[in-house]
Structures are given as structure tokens and as C-alpha cells.
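In what follows, a structure is listed as C-alpha cells, so that the remarks can point back to it.
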Amino acid sequence: MEDLHPHLQRLLKCIELEEKEEVQRYRLDQQHTLKSLKAEGLALHPLKVTRKTFGYADYPEIQFRLNFPAETNQFRDGTAIECFIHGEEPIKGVLLSLEGRVGEFRLFAPDFPDWIEEEGLGIKLSPDQRTTSLMKKALRQLPADEKLFGLFNKIHGNADCDQKPVERTQINLKFKNTSLNSSQQQAVREVVTNDEICIIHGPPGTGKTTTLIEAIAQLVNNKEKVLVSAPSNAAVDNIATGLNAAGLKILRVGNTSKISDEIFPFTIEGKMTDPKQKKEIKELKIRAEQFRKMALKYKRSFGKAEREQRNLLFKEVKNIRTEIKKIQAYNEEKLFQQADIILGTPIGLLDALSEAPGTHKQKYQFDTLVIDESGQCIEPLAWCIFPLADKFVLAGDHYQLPPTVLSEAAMRMGFNRSILEVSFGQLSHVFLLDTQYRMRASIAGFSSHYFYDNKLMAAPHLNDLRTHITFFDTAGSGYAEERGSNGVSLLNEGEIEIVSKIMDTEKLEMADTALISPYAGQVMLAKEKLPEGVRISTIDSFQGQEKRNIIISLVRSNDQQVIGFLNDYRRMNVAITRAKEQLFIIGDSATLGNDKFYRLLLEYIEERGAYRSVWELSE
């Protein structure tokens, strides 16, 4: 490791720190009780199993329901989990989906455990050792790839690298989407003429996805094979939907258990149309089911001979699963060749495109790799998939939420700086999408000034018609923050009362309104207190979404003027750019006003919007 580039050494150290933090934080023992894991949003318990099925490649899949409001923000699609019950060995798996109180997970086991429907079942987050091992391997192999290591040195400011912009050929394109503005058109031209790496910087509401779809269509028109990735399944499905609507030949790989009906026909499962092969897989699954039933006759208390018999039966199930995978692999080969664009999360792409799972020996080489939402992609994950293509496009906005990192030590070493953020200052080919189509000019104005150097403009039809941004000040009201019953997350009951009053006095339609807050405790309290029709979410979970009316509850109100993680201003950038028509912010100016960012925000609202005391709502 001593011979490696210092930054590679630092990234490897960060991965180790993150691994240790995950193991420490997620373990269930005397120091880390189930109660404390639930309080920190690291475990969901108890679960009610609603359905059991065998999914793709014949893994057991469990649908479940939560009968209580829980902190679920960290349970994202594709998260590594363990399924547990007191007194039994936990089983590793992956969360497929979680929406509201309904979710689904897959177990990496030949069958359902005997105890799967017993009382006291739960799932907890688990260290994602597979992803970390792939990242470490990619970083260690990087110096052996001359071209990629040259790019790595360029991104990390090596003085020997030529940083002068290379003039690219100006081309006239026949745009398929004729409604693109000039900055979007220029970004598309940049992607088409890109010969190494470029950045499409898309602030909120600027039509980044629309621009990428046009750019990818142009690449396909030039006979390029394109790879598209994003850190989350939801982001991959979002761009897949747009590419499909544009009439492009796509193949969506990876976790296909909970994707939209619109995209399912473009997955490997959805495209398996050969009746003979479908019949063969069905017959194999029936055989596997018979062996499983035979194995399940041997319950928990049995002798050595019975255990051996059960193991043999499960071994047969495993052999059948291998046979099913072989048939599917034959299909995949043809599908990869037919598609113009392959889409998946980084790990999904590695699984689909490697010769063997977990290796970096590839089946195919692509012309261009597009990483969407690259502002949320940690750097090592990007280097895992860079070897799959010759040229790269990073699209996103590093002034919105960064990647999630648990280890504070790793964060101090810059591990939460995304591939987009580390590349941004070093690359010459960076193109800003400069016109937003989401929100009224005054709602976007502060972000434009603070984050985007006043370069983010509002489309002409979004000029202000009235007051569109209002701050409700709780200073002096006695509405203080407090710890929730779990002792972890903060909440502010007074601010929830204000939300109800705002909705009444402003006559806001529930279906058009969302309440967002940085604190999970406030979100859980709001779900208990407010009517069901209002969308309630943490800011982190609401990134990429929008509503006509947004109410933000900032929660913090204390005599010490402590604002906690409100000091990550990127989170506030996300929050204040979700509203299309009306933005209401509730906060305590006495607590917030000592911070320069919030002082500037309050001054801006006084100038461009309305600044009101909560006493006005009481009168």
C-alpha cells in the first residue's frame, strides 16, 4: 500500500474506517440493544410477513408490513440487511423496496428459515462487505490502467497533467428534442464531442434528465454503445423511463424486483420471451420447490443423519439455481448485444457485465459511461465502473446532498466528497444548465445567489406574481426543540402546530402540499399529528422531488444558538428548491441568525418575500 498514490491510500483508509463504523454501529449485542438500534433508525422490528415468494434466480423474497411509524430513512433500495429473530442465527439479505410501511427484502439463502413467520421478526442494517471489497479491488488495480490512472491524476490536481482546455470540434446537431434551451443544447454538443470526460452541472429544476436523454439519443445515433448508471435504483429507473419514452433500445440490469411496470418489459426478466426456455425454467423451479419441501420436513431438532439429508436436498436446490442462471445467462448475452443502452446501479452493472460475479474481467466495453446523480456517488464506486467504458459523462449537482458516510473520521478525510465534487474544480469541460423551470423566481433566487454565482435564471413564465416565499419566526414563542422519546432525534411540537395553522390560513390543498424537515423525529411526530393527505418527509428523502407548496420545519430552537447539522447548507439548498409556487419556512431567528448562511437567507426573505412572526398566526 506504501507504493500507492497518496490519495488512493487515503481512499482505502476511508473505506476501512467506514467498514469498522458499519460493523460497530449495526451490531446487535449487550451494548447495542434492539431498542437503541430502532431508536437510531438502524433496525425495523417487529415485522408482519404478508407474502413469501421465490424471486429472480430463485432466492427467497419476503414482503412485510410495519404496524407502527418508524424511522426508515436509512433503509434504501439495495441496502444490505440481516433478517433476525431472538435466539437464531441471522440471515444476510438485501432490501428490495420500502415505501411507507410496506416493504420487501431478499434473503441470500436456499430457503426461508423455519422462523420467518414467528413473532419478533426484524431486519437491521448490515455492513455491505461486498461493495467495499469491490471498491478496494478497483482502487488497487487503478495504477495498472495507464489511461484511467492518467485521468485519476488529472482529477487530483497532479502538476504534471496538462490542465489547459482542449478545443473540441464545433458541430451542428439535428436535435430530436427541439424545445431545449441554448445551455441544454450546448451541454448535448459537449457530450457528443467529448473525447475523455465532461461534466453536466444541473442545478434544481434545470432539466438535467431531459438534457441527458437527448445527449444519449445523439450518442446512439452515432452508433455508440452507452452505459448509464446512478447511485440509486430510483434514479436509474427515472432516466430509464425517459429513454424508453424517447424510443431508445434499453436494457435495465440489476435489482428488478420493485421497478415500475413501465420499465419491467426492458429488464432481463421482462424480455425473456422464448416459450421453450420459460417452460424449462418453470419446470426447474417446480423441482427446486419439491426438494425444498422435502428438506423442510426436517425441523429444527434433528439428528446427524437427518441434517445430512437436509443438506443434500438444499445442495440440490443450489444446483438447480445454478442451472436456471445458466439459461438466463444465455438470454442475457443476446439481450446485451441487441440493446443500445445498458442501465443499472454501479454494483448492478458490475454483476451483469463481469465474466464472473465479483471479478473485474468484463464481457463488453462501452463507448460512453454516463453517471447521473454523480453528486451522490462516492469516488471509489465510480472507479469501479470507469473501466467499463472509454469516455465518461458526470451529471449532477454537488451543491445538493452529498453521499451518505457514517464514519466521522472518514468524513474528515473527505470520503463524502462525490466523484462529481472532486472532479469539478479540476476539469475544463464543465457545462452549467442555467435556466430552471420548476419554481417562481424569488424561490430560486437565494440559491442562485449563494450556490450558483447568480448564474441560475428562472424561465420567463416563472416571474413572481405575488409573495412566494415566507419565513415564520418562532423567536420568543417558547417553541423549543426537544429530544424525541427515543432520545436520539430532535423534534419541535410547536412547529407542528404552526404547520396546521399555515395550511388553514393559506388554504393549502393537502394533495399539493408537502412538509419536509431535516430531522427524522420531527417527521415521525408530524405523521402522527397531521392529516394523512399531506406528504411528510425528511429533506434527504425528498431530493429530486417537488410540490406546488412546501413547508420546511427547521426544528432547532435553543438558547445556545446550536444549529447542529443544519450547517450542511447543501441540505438547505435541496429543501428550499422543492416548491413550485409557495415556500414556507418555520424557524427560530434567535437560534439561526448567528450563522452567516441563515442570516443571509433571512435578509433575502425580508427583501423578496414575507417575514412574519408566529404570533400573527395566533391572532
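Letters A, B, ... mark the chains of the C-alpha cells in the order given; residue numbers begin at 1 per chain; ligand numbers begin at 1, in order shown.
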
Next item on the list: Name the residues of segment 108-173 of chain A that come out as strand (DSSP E or B) in a backbone DSSP run; write them as a PyMOL selection string.
Entry: chain A and resi 122-125

Take the residues from that selection and put them in a file with N, CA, C and O atoms, as a PDB file, in the first residue's frame.
```
ATOM      1  N   GLY A 122     -37.427  -9.290  12.691  1.00  0.00           N
ATOM      2  CA  GLY A 122     -36.988  -7.933  12.365  1.00  0.00           C
ATOM      3  C   GLY A 122     -35.905  -7.947  11.297  1.00  0.00           C
ATOM      4  O   GLY A 122     -35.387  -9.008  10.947  1.00  0.00           O
ATOM      5  N   ILE A 123     -35.596  -6.763  10.767  1.00  0.00           N
ATOM      6  CA  ILE A 123     -34.424  -6.625   9.894  1.00  0.00           C
ATOM      7  C   ILE A 123     -33.591  -5.464  10.412  1.00  0.00           C
ATOM      8  O   ILE A 123     -34.114  -4.510  10.993  1.00  0.00           O
ATOM      9  N   LYS A 124     -32.282  -5.563  10.232  1.00  0.00           N
ATOM     10  CA  LYS A 124     -31.404  -4.461  10.616  1.00  0.00           C
ATOM     11  C   LYS A 124     -30.372  -4.233   9.522  1.00  0.00           C
ATOM     12  O   LYS A 124     -30.120  -5.128   8.708  1.00  0.00           O
ATOM     13  N   LEU A 125     -29.832  -3.039   9.486  1.00  0.00           N
ATOM     14  CA  LEU A 125     -28.790  -2.743   8.501  1.00  0.00           C
ATOM     15  C   LEU A 125     -27.570  -3.626   8.776  1.00  0.00           C
ATOM     16  O   LEU A 125     -27.283  -3.961   9.922  1.00  0.00           O
TER      17      LEU A 125
END
```

Check: Can you list, as a ChimeraX atom specification, every protein, DNA or RNA residue that comes within 8 Å of segment 383-387 of chain A when you count only C-alpha atoms, leaving out same-chain residues fewer than 3 positions away?
Finding: /A:134-135,138-139,142,148,346,349-350,369,379-380,390,392

Check: Skipping near chain neighbours, those fewer than 3 positions away, what residues fall within 10 Å of segment 541-544 of chain A using only C-alpha atoms, listed as an MDAnalysis selection string?
Finding: chainID A and resid 72:74 76 204:205 235 373 400:401 514:518 535:538 571 573:575 577:578

Could you take the residues named above and write them with N, CA, C and O atoms, as a compact mmCIF listing (two decimals), in the first residue's frame?
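Result file follows (out26.txt):
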```txt
# COMPACT_ATOMS: atom_id res chain seq x y z
N THR A 72 -37.27 5.24 8.82
CA THR A 72 -36.85 4.33 7.75
C THR A 72 -35.89 4.98 6.76
O THR A 72 -35.59 4.41 5.72
N ASN A 73 -35.40 6.18 7.08
CA ASN A 73 -34.63 6.95 6.11
C ASN A 73 -33.38 6.22 5.61
O ASN A 73 -32.97 6.39 4.47
N GLN A 74 -32.77 5.39 6.48
CA GLN A 74 -31.53 4.72 6.08
C GLN A 74 -31.78 3.40 5.35
O GLN A 74 -30.84 2.78 4.87
N ARG A 76 -32.67 2.18 2.35
CA ARG A 76 -32.87 2.50 0.92
C ARG A 76 -32.85 1.22 0.10
O ARG A 76 -32.29 0.21 0.52
N PRO A 204 -31.15 22.49 -9.41
CA PRO A 204 -32.55 22.04 -9.32
C PRO A 204 -33.43 22.64 -10.41
O PRO A 204 -33.38 23.84 -10.69
N GLY A 205 -34.24 21.78 -11.04
CA GLY A 205 -35.26 22.24 -11.99
C GLY A 205 -34.75 22.64 -13.36
O GLY A 205 -35.49 23.22 -14.15
N ALA A 235 -33.10 6.49 -9.17
CA ALA A 235 -32.51 7.41 -10.16
C ALA A 235 -32.30 6.70 -11.50
O ALA A 235 -32.51 7.28 -12.56
N GLU A 373 -26.77 11.74 -11.29
CA GLU A 373 -26.74 11.97 -9.84
C GLU A 373 -25.35 11.66 -9.28
O GLU A 373 -25.20 11.08 -8.19
N GLN A 400 -26.02 19.99 -3.97
CA GLN A 400 -27.13 19.32 -3.29
C GLN A 400 -26.53 18.24 -2.38
O GLN A 400 -25.32 18.24 -2.14
N LEU A 401 -27.33 17.32 -1.87
CA LEU A 401 -26.85 16.41 -0.83
C LEU A 401 -25.69 15.54 -1.30
O LEU A 401 -25.73 14.98 -2.39
N ALA A 514 -46.39 19.55 0.77
CA ALA A 514 -45.51 18.62 1.48
C ALA A 514 -44.85 19.35 2.64
O ALA A 514 -44.49 20.52 2.52
N LEU A 515 -44.71 18.64 3.76
CA LEU A 515 -43.92 19.14 4.89
C LEU A 515 -42.60 18.37 4.88
O LEU A 515 -42.59 17.14 4.84
N ILE A 516 -41.48 19.11 4.88
CA ILE A 516 -40.19 18.45 4.95
C ILE A 516 -39.39 19.03 6.11
O ILE A 516 -39.57 20.19 6.49
N SER A 517 -38.53 18.19 6.69
CA SER A 517 -37.73 18.61 7.83
C SER A 517 -36.40 17.87 7.81
O SER A 517 -36.33 16.74 7.34
N PRO A 518 -35.34 18.50 8.33
CA PRO A 518 -34.06 17.79 8.38
C PRO A 518 -34.05 16.65 9.41
O PRO A 518 -33.20 15.78 9.35
N ARG A 535 -48.09 15.07 2.28
CA ARG A 535 -46.83 14.34 2.11
C ARG A 535 -45.86 14.85 3.16
O ARG A 535 -45.63 16.05 3.29
N ILE A 536 -45.29 13.92 3.95
CA ILE A 536 -44.37 14.29 5.04
C ILE A 536 -43.08 13.50 4.84
O ILE A 536 -43.12 12.28 4.67
N SER A 537 -41.93 14.20 4.86
CA SER A 537 -40.68 13.51 4.51
C SER A 537 -39.48 14.24 5.11
O SER A 537 -39.53 15.44 5.37
N THR A 538 -38.39 13.50 5.31
CA THR A 538 -37.12 14.16 5.59
C THR A 538 -36.66 14.85 4.30
O THR A 538 -37.05 14.43 3.20
N ARG A 571 -28.00 20.69 2.27
CA ARG A 571 -29.31 20.13 2.63
C ARG A 571 -30.39 21.21 2.51
O ARG A 571 -31.49 20.97 2.04
N ASN A 573 -30.18 23.80 0.55
CA ASN A 573 -30.34 24.08 -0.89
C ASN A 573 -31.39 23.14 -1.48
O ASN A 573 -32.24 23.57 -2.27
N VAL A 574 -31.32 21.87 -1.10
CA VAL A 574 -32.34 20.91 -1.55
C VAL A 574 -33.71 21.34 -1.05
O VAL A 574 -34.68 21.40 -1.80
N ALA A 575 -33.79 21.66 0.25
CA ALA A 575 -35.08 21.98 0.87
C ALA A 575 -35.77 23.17 0.22
O ALA A 575 -36.96 23.12 -0.12
N THR A 577 -35.49 24.43 -2.66
CA THR A 577 -35.72 24.39 -4.11
C THR A 577 -36.72 23.29 -4.50
O THR A 577 -36.74 22.86 -5.65
N ARG A 578 -37.55 22.86 -3.56
CA ARG A 578 -38.58 21.84 -3.87
C ARG A 578 -39.92 22.46 -4.26
O ARG A 578 -40.75 21.81 -4.89
```

Check: Using only C-alpha atoms, which of A:Glu289, A:Glu146, A:Glu283, A:Glu71 sits nearest Pro110 of chain A?
Finding: A:Glu289

Notebook entry, point to check: Can you tell me, as a list of chain:residue names, what residues are no more than 6 Å from segment 186-197 of chain A when counting only C-alpha atoms, ignoring any on the same chain fewer than 2 positions away?
Noted result: A:Ser183, A:Gln184, A:Ala215, A:Lys391, A:Phe392, A:Val393, A:Phe431

Check: Where does DSSP see helix (DSSP H, G or I) in segment 255-338 of chain A, if you list the residues as a VMD selection string?
Finding: chain A and resid 264 to 266 268 to 271 275 to 296 304 to 338

Next item on the list: Fewer than 6 positions away in the same chain doesn't count, so skip those; otherwise give me all residues within 8 Å of Arg65 of chain A, counting only C-alpha atoms, as JSON, numbers by chain.
Entry: {"A": [47, 48, 49, 50, 101, 102, 103]}

Grab the residues selected above and save them as an mmCIF file, in the first residue's frame with C-alpha atoms.
```cif
data_model
loop_
_atom_site.group_PDB
_atom_site.id
_atom_site.type_symbol
_atom_site.label_atom_id
_atom_site.label_comp_id
_atom_site.auth_asym_id
_atom_site.auth_seq_id
_atom_site.Cartn_x
_atom_site.Cartn_y
_atom_site.Cartn_z
ATOM 1 C CA LEU A 47 -42.318 -7.033 11.085
ATOM 2 C CA LYS A 48 -45.514 -8.677 9.895
ATOM 3 C CA VAL A 49 -44.809 -11.029 6.951
ATOM 4 C CA THR A 50 -47.540 -10.598 4.321
ATOM 5 C CA ARG A 101 -44.938 0.920 5.955
ATOM 6 C CA VAL A 102 -44.752 -1.721 3.231
ATOM 7 C CA GLY A 103 -41.508 -3.295 2.051
#
```

Next item on the list: Quick one: everything within 9 Å of segment 16-24 of chain A, counting only C-alpha atoms, minus sequence neighbours fewer than 6 positions away in the same chain. Send it as a PyMOL selection string.
Entry: chain A and resi 32+125-129+132+405-410

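Residue nearest Thr178 of chain A, chosen from A:Arg548, A:Thr210, A:Ile155, A:Asp512 and counting only C-alpha atoms: A:Thr210.
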